[in-house]
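S.K.: Have a peek at run-v2.tsv (TSV, C-alpha atoms and all ligand atoms).
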chain	number	residue	atom	x	y	z
A	1	MET	CA	8.79	5.42	-39.20
A	2	PRO	CA	6.02	2.85	-38.90
A	3	GLY	CA	6.89	-0.35	-37.12
A	4	PRO	CA	6.55	-2.11	-33.79
A	5	VAL	CA	5.85	-0.27	-30.56
A	6	VAL	CA	8.18	-1.26	-27.76
A	7	ALA	CA	8.53	0.22	-24.30
A	8	LEU	CA	11.55	0.64	-22.09
A	9	ARG	CA	10.70	0.69	-18.42
A	10	ALA	CA	12.56	1.93	-15.36
A	11	ASP	CA	11.33	2.07	-11.80
A	12	MET	CA	12.08	5.38	-10.16
A	13	ASP	CA	10.81	5.15	-6.61
A	14	ALA	CA	12.98	5.37	-3.52
A	15	LEU	CA	12.78	3.59	-0.20
A	16	PRO	CA	12.33	4.81	3.37
A	17	VAL	CA	15.94	4.03	4.15
A	18	GLU	CA	18.71	6.30	5.43
A	19	GLU	CA	21.78	6.28	3.22
A	20	MET	CA	24.67	5.76	5.62
A	21	THR	CA	27.52	6.09	3.17
A	22	ASP	CA	30.02	8.90	3.11
A	23	LEU	CA	29.56	9.41	-0.60
A	24	PRO	CA	29.41	13.07	-1.64
A	25	PHE	CA	26.14	12.40	-3.46
A	26	ALA	CA	24.53	10.47	-0.61
A	27	SER	CA	20.85	11.17	-0.33
A	28	GLN	CA	19.82	13.87	2.13
A	29	ALA	CA	16.18	13.53	1.19
A	30	THR	CA	13.30	12.90	3.50
A	31	GLY	CA	9.76	12.01	2.71
A	32	MET	CA	6.48	11.14	4.35
A	33	ARG	CA	5.46	7.54	4.85
A	34	LEU	CA	2.13	6.81	6.44
A	35	GLY	CA	2.15	10.18	8.16
A	36	LYS	CA	5.72	10.01	9.46
A	37	SER	CA	8.83	11.79	8.20
A	38	VAL	CA	11.38	9.25	7.03
A	39	PRO	CA	14.79	9.35	5.35
A	40	VAL	CA	14.71	8.40	1.68
A	41	MET	CA	17.28	6.86	-0.62
A	42	HIS	CA	17.38	4.80	-3.79
A	43	ALA	CA	18.60	1.77	-1.93
A	44	CYS	CA	17.43	-0.55	-4.68
A	45	GLY	CA	19.31	1.17	-7.50
A	46	HIS	CA	16.33	2.90	-9.05
A	47	ASP	CA	18.30	6.13	-9.42
A	48	THR	CA	20.59	4.29	-11.81
A	49	HIS	CA	17.57	2.88	-13.65
A	50	THR	CA	16.09	6.35	-14.06
A	51	ALA	CA	19.40	7.74	-15.28
A	52	MET	CA	19.81	4.86	-17.74
A	53	LEU	CA	16.34	5.33	-19.16
A	54	LEU	CA	16.86	9.06	-19.53
A	55	GLY	CA	20.14	8.29	-21.31
A	56	ALA	CA	18.44	5.78	-23.60
A	57	ALA	CA	15.73	8.33	-24.39
A	58	LYS	CA	18.33	10.93	-25.26
A	59	VAL	CA	20.31	8.61	-27.53
A	60	LEU	CA	17.27	7.16	-29.26
A	61	ALA	CA	15.75	10.62	-29.77
A	62	GLU	CA	18.97	11.74	-31.40
A	63	HIS	CA	18.73	8.80	-33.80
A	64	ARG	CA	14.98	8.73	-34.29
A	65	ASP	CA	15.35	8.99	-38.08
A	66	HIS	CA	16.95	5.55	-38.07
A	67	LEU	CA	14.33	3.88	-35.91
A	68	ARG	CA	11.63	1.75	-37.44
A	69	GLY	CA	8.76	1.88	-34.99
A	70	THR	CA	8.04	3.69	-31.76
A	71	VAL	CA	9.69	3.57	-28.36
A	72	VAL	CA	7.67	4.39	-25.26
A	73	PHE	CA	9.58	5.33	-22.14
A	74	LEU	CA	7.93	4.19	-18.94
A	75	PHE	CA	9.07	5.76	-15.67
A	76	GLN	CA	7.29	3.66	-13.09
A	77	PRO	CA	6.59	4.88	-9.58
A	78	ALA	CA	5.87	2.70	-6.58
A	79	GLU	CA	7.60	-0.48	-7.62
A	80	GLU	CA	8.33	-1.06	-3.97
A	81	GLY	CA	4.92	0.09	-2.81
A	82	ALA	CA	3.36	3.49	-2.35
A	83	ALA	CA	4.46	5.64	0.56
A	84	ASP	CA	0.95	6.70	1.40
A	85	VAL	CA	-0.72	3.32	1.09
A	86	ASP	CA	-0.81	0.86	3.93
A	87	GLU	CA	0.79	-2.33	2.71
A	88	PHE	CA	-2.35	-4.24	3.64
A	89	GLN	CA	-4.64	-1.93	1.71
A	90	THR	CA	-4.68	-4.18	-1.30
A	91	ASP	CA	-7.55	-2.62	-3.18
A	92	THR	CA	-5.49	0.41	-4.16
A	93	LEU	CA	-3.75	0.15	-7.52
A	94	ILE	CA	-0.20	1.48	-7.46
A	95	GLY	CA	2.91	1.27	-9.60
A	96	ALA	CA	2.62	-0.61	-12.88
A	97	GLN	CA	-1.01	-1.53	-12.30
A	98	ALA	CA	-1.96	2.12	-11.89
A	99	MET	CA	-0.01	3.05	-15.03
A	100	ILE	CA	-1.77	0.36	-17.02
A	101	ARG	CA	-5.13	1.47	-15.64
A	102	ASP	CA	-4.31	5.02	-16.68
A	103	GLY	CA	-3.49	3.97	-20.25
A	104	ALA	CA	0.30	4.06	-20.31
A	105	LEU	CA	0.35	1.07	-22.68
A	106	ASP	CA	-2.61	2.09	-24.84
A	107	SER	CA	-1.67	4.97	-27.10
A	108	PRO	CA	0.37	3.86	-28.88
A	109	LYS	CA	-0.40	0.26	-28.02
A	110	VAL	CA	2.77	-1.26	-26.59
A	111	GLU	CA	3.66	-4.68	-28.04
A	112	ALA	CA	6.69	-5.53	-25.91
A	113	ILE	CA	8.38	-4.11	-22.84
A	114	PHE	CA	12.04	-4.25	-21.87
A	115	ALA	CA	13.12	-3.59	-18.32
A	116	LEU	CA	16.22	-4.04	-16.25
A	117	HIS	CA	17.44	-4.03	-12.71
A	118	VAL	CA	20.94	-3.53	-11.42
A	119	MET	CA	22.07	-6.40	-9.22
A	120	ALA	CA	24.78	-6.39	-6.61
A	121	GLY	CA	26.75	-9.60	-6.52
A	122	TYR	CA	26.96	-10.08	-10.26
A	123	PRO	CA	30.16	-9.31	-12.13
A	124	THR	CA	30.49	-5.78	-13.45
A	125	GLY	CA	30.23	-5.56	-17.21
A	126	HIS	CA	27.91	-8.51	-17.60
A	127	LEU	CA	24.32	-8.47	-18.75
A	128	TYR	CA	22.00	-11.29	-17.80
A	129	TYR	CA	18.65	-11.57	-19.48
A	130	LYS	CA	15.55	-13.65	-19.44
A	131	ALA	CA	12.22	-13.54	-21.28
A	132	GLY	CA	9.16	-13.23	-19.10
A	133	THR	CA	9.32	-12.37	-15.47
A	134	VAL	CA	12.55	-11.95	-13.57
A	135	LEU	CA	13.17	-11.58	-9.86
A	136	ASN	CA	10.06	-11.74	-7.75
A	137	SER	CA	7.28	-9.69	-6.32
A	138	SER	CA	5.91	-9.41	-2.86
A	139	ASP	CA	2.34	-9.55	-1.76
A	140	SER	CA	1.11	-8.69	1.69
A	141	PHE	CA	-1.46	-10.65	3.60
A	142	ARG	CA	-2.58	-11.03	7.16
A	143	ILE	CA	-3.01	-14.32	8.93
A	144	GLN	CA	-4.83	-14.60	12.23
A	145	LEU	CA	-3.84	-17.66	14.21
A	146	LYS	CA	-5.98	-18.76	17.13
A	147	GLY	CA	-4.82	-21.26	19.68
A	148	GLN	CA	-4.51	-22.01	23.34
A	149	GLN	CA	-1.77	-20.21	25.23
A	150	THR	CA	0.29	-22.14	27.72
A	151	HIS	CA	3.25	-21.75	30.02
A	152	GLY	CA	6.66	-22.21	28.50
A	153	SER	CA	7.31	-25.22	30.73
A	154	ARG	CA	4.32	-27.08	29.22
A	155	PRO	CA	4.51	-26.50	25.47
A	156	GLY	CA	2.52	-29.65	24.84
A	157	ALA	CA	-0.53	-28.05	26.43
A	158	ALA	CA	-0.74	-25.39	23.75
A	159	THR	CA	-2.69	-25.70	20.55
A	160	ILE	CA	-0.81	-24.45	17.56
A	161	ARG	CA	-2.65	-23.63	14.38
A	162	LEU	CA	0.32	-23.17	12.10
A	163	SER	CA	-0.23	-26.31	10.07
A	164	PRO	CA	-3.73	-25.40	8.79
A	165	ALA	CA	-2.55	-21.89	7.98
A	166	ARG	CA	0.40	-23.24	6.08
A	167	ALA	CA	-1.78	-25.74	4.27
A	168	SER	CA	-4.06	-22.95	3.08
A	169	LEU	CA	-1.13	-21.23	1.38
A	170	PRO	CA	0.33	-24.01	-0.73
A	171	ARG	CA	1.90	-21.69	-3.26
A	172	CYS	CA	3.62	-19.42	-0.77
A	173	ARG	CA	7.23	-20.18	-0.27
A	174	PRO	CA	10.43	-18.22	0.09
A	175	SER	CA	11.78	-17.18	-3.25
A	176	SER	CA	15.28	-16.33	-4.20
A	177	ALA	CA	16.25	-12.91	-5.51
A	178	ASP	CA	18.58	-14.79	-7.83
A	179	ALA	CA	16.69	-15.17	-11.06
A	180	SER	CA	17.40	-18.23	-13.14
A	181	ILE	CA	19.19	-16.54	-15.96
B	201	ZN	ZN	14.22	-2.37	-7.31
Just give me the structure as structure tokens.
Ligand SMILES: [Zn+2]
M.R.:
Amino acid sequence: MPGPVVALRADMDALPVEEMTDLPFASQATGMRLGKSVPVMHACGHDTHTAMLLGAAKVLAEHRDHLRGTVVFLFQPAEEGAADVDEFQTDTLIGAQAMIRDGALDSPKVEAIFALHVMAGYPTGHLYYKAGTVLNSSDSFRIQLKGQQTHGSRPGAATIRLSPARASLPRCRPSSADASI
């Protein structure tokens, strides 16, 4: 039926982390990261996100006659970064940016997106929500500091360039993974 176009989004990428649980379904997968074989697991919970979005797609498809509008299901790769992209290679679009570039939100034109993330430390059975952005993102950058080296017994003889570097990044500060919800 005609109506709004909304998208449900789940990230589905894994991390180069070895799952050291004794769970029967513990990941045995390996992958390649920057030319090296690495263990892989969904340490961030993205396997649950993928399963939830598949479940939502199944349920909504079964009830599509009752839906007014269109639901787009977005399975996003590379939320945590791309395995084959150096983290400092910032001119390569990955993840959501690559999906947007490739038209994932264009046909039909998505008007709103709903996403979620499981969160350890919050009570089971509770749903916390917030409009706009939630959690944080990470950006990589390189800083080259130049100064005068000295012996450890004479720290005052060294020149330290941390203050100018810090001053040039006024908006960079540690952020909490705890969203204000
Ligand atoms: Zn995540």
S.K.: My list of candidates is A:His63, A:His117, A:Lys58, A:Arg68. Which is closest to ligand ZN 201 (chain B) when distances are computed with only C-alpha atoms and all ligand atoms?
M.R.: A:His117
S.K.: Show me the residues close to (15.4, 8.6, -17.6) - anything with an atom within 12 Å, counting only C-alpha atoms - and format the list as a short mmCIF file (atom, residue, chain, number, x, y, z; two decimals) with C-alpha atoms, keeping the file's coordinate frame.
M.R.:
data_model
loop_
_atom_site.label_atom_id
_atom_site.label_comp_id
_atom_site.auth_asym_id
_atom_site.auth_seq_id
_atom_site.Cartn_x
_atom_site.Cartn_y
_atom_site.Cartn_z
CA LEU A 8 11.55 0.64 -22.09
CA ARG A 9 10.70 0.69 -18.42
CA ALA A 10 12.56 1.93 -15.36
CA ASP A 11 11.33 2.07 -11.80
CA MET A 12 12.08 5.38 -10.16
CA HIS A 46 16.33 2.90 -9.05
CA ASP A 47 18.30 6.13 -9.42
CA THR A 48 20.59 4.29 -11.81
CA HIS A 49 17.57 2.88 -13.65
CA THR A 50 16.09 6.35 -14.06
CA ALA A 51 19.40 7.74 -15.28
CA MET A 52 19.81 4.86 -17.74
CA LEU A 53 16.34 5.33 -19.16
CA LEU A 54 16.86 9.06 -19.53
CA GLY A 55 20.14 8.29 -21.31
CA ALA A 56 18.44 5.78 -23.60
CA ALA A 57 15.73 8.33 -24.39
CA LYS A 58 18.33 10.93 -25.26
CA VAL A 59 20.31 8.61 -27.53
CA LEU A 60 17.27 7.16 -29.26
CA VAL A 72 7.67 4.39 -25.26
CA PHE A 73 9.58 5.33 -22.14
CA LEU A 74 7.93 4.19 -18.94
CA PHE A 75 9.07 5.76 -15.67
CA GLN A 76 7.29 3.66 -13.09
#
S.K.: With ligand ZN 201 (chain B) as the partner and 12 Å as the cut-off, tabulate the residues of chain A that qualify, each row holding the nearest pair of atoms and their distance in Å to one decimal, using all atoms listed in the file, sorted by chain and rising number, as CSV.
M.R.:
residue,atom,partner,partner_atom,distance
A:Ala10,CA,B:ZN201,ZN,9.3
A:Asp11,CA,B:ZN201,ZN,6.9
A:Met12,CA,B:ZN201,ZN,8.5
A:Asp13,CA,B:ZN201,ZN,8.3
A:Ala14,CA,B:ZN201,ZN,8.7
A:Leu15,CA,B:ZN201,ZN,9.4
A:Met41,CA,B:ZN201,ZN,11.8
A:His42,CA,B:ZN201,ZN,8.6
A:Ala43,CA,B:ZN201,ZN,8.1
A:Cys44,CA,B:ZN201,ZN,4.5
A:Gly45,CA,B:ZN201,ZN,6.2
A:His46,CA,B:ZN201,ZN,5.9
A:Asp47,CA,B:ZN201,ZN,9.7
A:Thr48,CA,B:ZN201,ZN,10.3
A:His49,CA,B:ZN201,ZN,8.9
A:Thr50,CA,B:ZN201,ZN,11.2
A:Gln76,CA,B:ZN201,ZN,10.9
A:Pro77,CA,B:ZN201,ZN,10.8
A:Ala78,CA,B:ZN201,ZN,9.8
A:Glu79,CA,B:ZN201,ZN,6.9
A:Glu80,CA,B:ZN201,ZN,6.9
A:Gly81,CA,B:ZN201,ZN,10.6
A:Ala115,CA,B:ZN201,ZN,11.1
A:Leu116,CA,B:ZN201,ZN,9.3
A:His117,CA,B:ZN201,ZN,6.5
A:Val118,CA,B:ZN201,ZN,8.0
A:Met119,CA,B:ZN201,ZN,9.0
A:Ala120,CA,B:ZN201,ZN,11.3
A:Val134,CA,B:ZN201,ZN,11.6
A:Leu135,CA,B:ZN201,ZN,9.6
A:Asn136,CA,B:ZN201,ZN,10.3
A:Ser137,CA,B:ZN201,ZN,10.1
A:Ser138,CA,B:ZN201,ZN,11.8
A:Ala177,CA,B:ZN201,ZN,10.9
S.K.: Would you mind reading off the distance between atom CA of Pro4 of chain A and atom CA of Ile113 of chain A, one decimal, in Å?
M.R.: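 According to the coordinates, atom CA of Pro4 of chain A and atom CA of Ile113 of chain A are separated by 11.3 Å.
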S.K.: Go through A:Leu145, A:Val110, A:Ala26, A:Ile100 one by one, measure the shortest atom-to-atom distance of each to Val71 of chain A using all atoms listed in the file, and give the residue with the smallest value.
M.R.: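 So, comparing all the options, the nearest one is A:Val110.
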S.K.: Please report the interatomic distance between atom CA of Phe25 of chain A and atom CA of Val38 of chain A in Å with one decimal.
M.R.: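 Computing the Euclidean distance for atom CA of Phe25 of chain A and atom CA of Val38 of chain A yields 18.4 Å.
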S.K.: Is it possible to get the axis-aligned box enclosing segment 103-108 of chain A (all listed atoms, 4 Å extra per side) as lines of an AutoDock Vina configuration file, with centre and edge lengths in Å rounded to one decimal?
M.R.:
center_x = -1.6
center_y = 3.0
center_z = -24.6
size_x = 11.9
size_y = 11.9
size_z = 16.6
S.K.: Atom CA of Val6 of chain A and atom CA of Arg101 of chain A, how far apart in Å?
M.R.: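 Interatomic distance, atom CA of Arg101 of chain A to atom CA of Val6 of chain A: 18.2 Å.
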S.K.: My list of candidates is A:Pro2, A:Gly152, A:Gly95, A:Pro24. Which is closest to Arg64 of chain A when distances are computed with only C-alpha atoms?
M.R.: A:Pro2
S.K.: Of the candidates A:Lys146, A:Val40, A:Ala131, A:Thr124, which one gets nearest to Ala158 of chain A if we count all atoms listed in the file?
M.R.: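 Counting all atoms listed in the file, the residue closest to Ala158 of chain A is A:Lys146.
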S.K.: Missing atoms in segment 95-126 of chain A: can you complete it with N, CA and C atoms, as a short mmCIF file (atom, residue, chain, number, x, y, z; two decimals), in the frame of the given file?
M.R.:
data_model
loop_
_atom_site.label_atom_id
_atom_site.label_comp_id
_atom_site.auth_asym_id
_atom_site.auth_seq_id
_atom_site.Cartn_x
_atom_site.Cartn_y
_atom_site.Cartn_z
N GLY A 95 1.84 1.71 -8.74
CA GLY A 95 2.91 1.27 -9.60
C GLY A 95 2.46 0.93 -11.01
N ALA A 96 2.92 -0.21 -11.51
CA ALA A 96 2.62 -0.61 -12.88
C ALA A 96 1.13 -0.78 -13.11
N GLN A 97 0.44 -1.32 -12.12
CA GLN A 97 -1.01 -1.53 -12.30
C GLN A 97 -1.73 -0.20 -12.49
N ALA A 98 -1.33 0.81 -11.74
CA ALA A 98 -1.96 2.12 -11.89
C ALA A 98 -1.62 2.73 -13.25
N MET A 99 -0.39 2.53 -13.71
CA MET A 99 -0.01 3.05 -15.03
C MET A 99 -0.81 2.38 -16.13
N ILE A 100 -0.98 1.08 -16.01
CA ILE A 100 -1.77 0.36 -17.02
C ILE A 100 -3.22 0.83 -16.99
N ARG A 101 -3.76 0.96 -15.78
CA ARG A 101 -5.13 1.47 -15.64
C ARG A 101 -5.26 2.84 -16.29
N ASP A 102 -4.24 3.66 -16.16
CA ASP A 102 -4.31 5.02 -16.68
C ASP A 102 -3.93 5.12 -18.15
N GLY A 103 -3.68 3.98 -18.80
CA GLY A 103 -3.49 3.97 -20.25
C GLY A 103 -2.08 4.11 -20.74
N ALA A 104 -1.09 3.87 -19.89
CA ALA A 104 0.30 4.06 -20.31
C ALA A 104 0.69 3.13 -21.46
N LEU A 105 -0.01 2.02 -21.63
CA LEU A 105 0.35 1.07 -22.68
C LEU A 105 -0.61 1.12 -23.86
N ASP A 106 -1.51 2.11 -23.87
CA ASP A 106 -2.61 2.09 -24.84
C ASP A 106 -2.38 2.93 -26.08
N SER A 107 -1.73 4.05 -25.96
CA SER A 107 -1.67 4.97 -27.10
C SER A 107 -0.28 5.59 -27.21
N PRO A 108 0.59 5.01 -28.01
CA PRO A 108 0.37 3.86 -28.88
C PRO A 108 0.33 2.55 -28.10
N LYS A 109 -0.27 1.55 -28.69
CA LYS A 109 -0.40 0.26 -28.02
C LYS A 109 0.95 -0.44 -27.98
N VAL A 110 1.44 -0.67 -26.77
CA VAL A 110 2.77 -1.26 -26.59
C VAL A 110 2.71 -2.76 -26.85
N GLU A 111 3.64 -3.26 -27.68
CA GLU A 111 3.66 -4.68 -28.04
C GLU A 111 4.67 -5.47 -27.21
N ALA A 112 5.69 -4.84 -26.72
CA ALA A 112 6.69 -5.53 -25.91
C ALA A 112 7.33 -4.51 -24.97
N ILE A 113 7.75 -4.99 -23.83
CA ILE A 113 8.38 -4.11 -22.84
C ILE A 113 9.74 -4.69 -22.44
N PHE A 114 10.72 -3.85 -22.35
CA PHE A 114 12.04 -4.25 -21.87
C PHE A 114 12.33 -3.48 -20.59
N ALA A 115 12.81 -4.21 -19.60
CA ALA A 115 13.12 -3.59 -18.32
C ALA A 115 14.44 -4.16 -17.81
N LEU A 116 14.97 -3.53 -16.83
CA LEU A 116 16.22 -4.04 -16.25
C LEU A 116 16.27 -3.70 -14.78
N HIS A 117 17.19 -4.34 -14.11
CA HIS A 117 17.44 -4.03 -12.71
C HIS A 117 18.92 -4.27 -12.43
N VAL A 118 19.56 -3.31 -11.83
CA VAL A 118 20.94 -3.53 -11.42
C VAL A 118 20.94 -4.59 -10.32
N MET A 119 22.06 -5.30 -10.18
CA MET A 119 22.07 -6.40 -9.22
C MET A 119 23.45 -6.52 -8.60
N ALA A 120 23.51 -6.20 -7.32
CA ALA A 120 24.78 -6.39 -6.61
C ALA A 120 25.09 -7.89 -6.55
N GLY A 121 26.36 -8.21 -6.62
CA GLY A 121 26.75 -9.60 -6.52
C GLY A 121 27.03 -10.25 -7.86
N TYR A 122 26.65 -9.57 -8.93
CA TYR A 122 26.96 -10.08 -10.26
C TYR A 122 28.16 -9.33 -10.80
N PRO A 123 28.94 -9.97 -11.66
CA PRO A 123 30.16 -9.31 -12.13
C PRO A 123 29.86 -8.05 -12.94
N THR A 124 30.63 -7.02 -12.69
CA THR A 124 30.49 -5.78 -13.45
C THR A 124 30.78 -6.05 -14.92
N GLY A 125 30.01 -5.42 -15.78
CA GLY A 125 30.23 -5.56 -17.21
C GLY A 125 29.47 -6.70 -17.84
N HIS A 126 28.68 -7.40 -17.06
CA HIS A 126 27.91 -8.51 -17.60
C HIS A 126 26.43 -8.15 -17.63
#
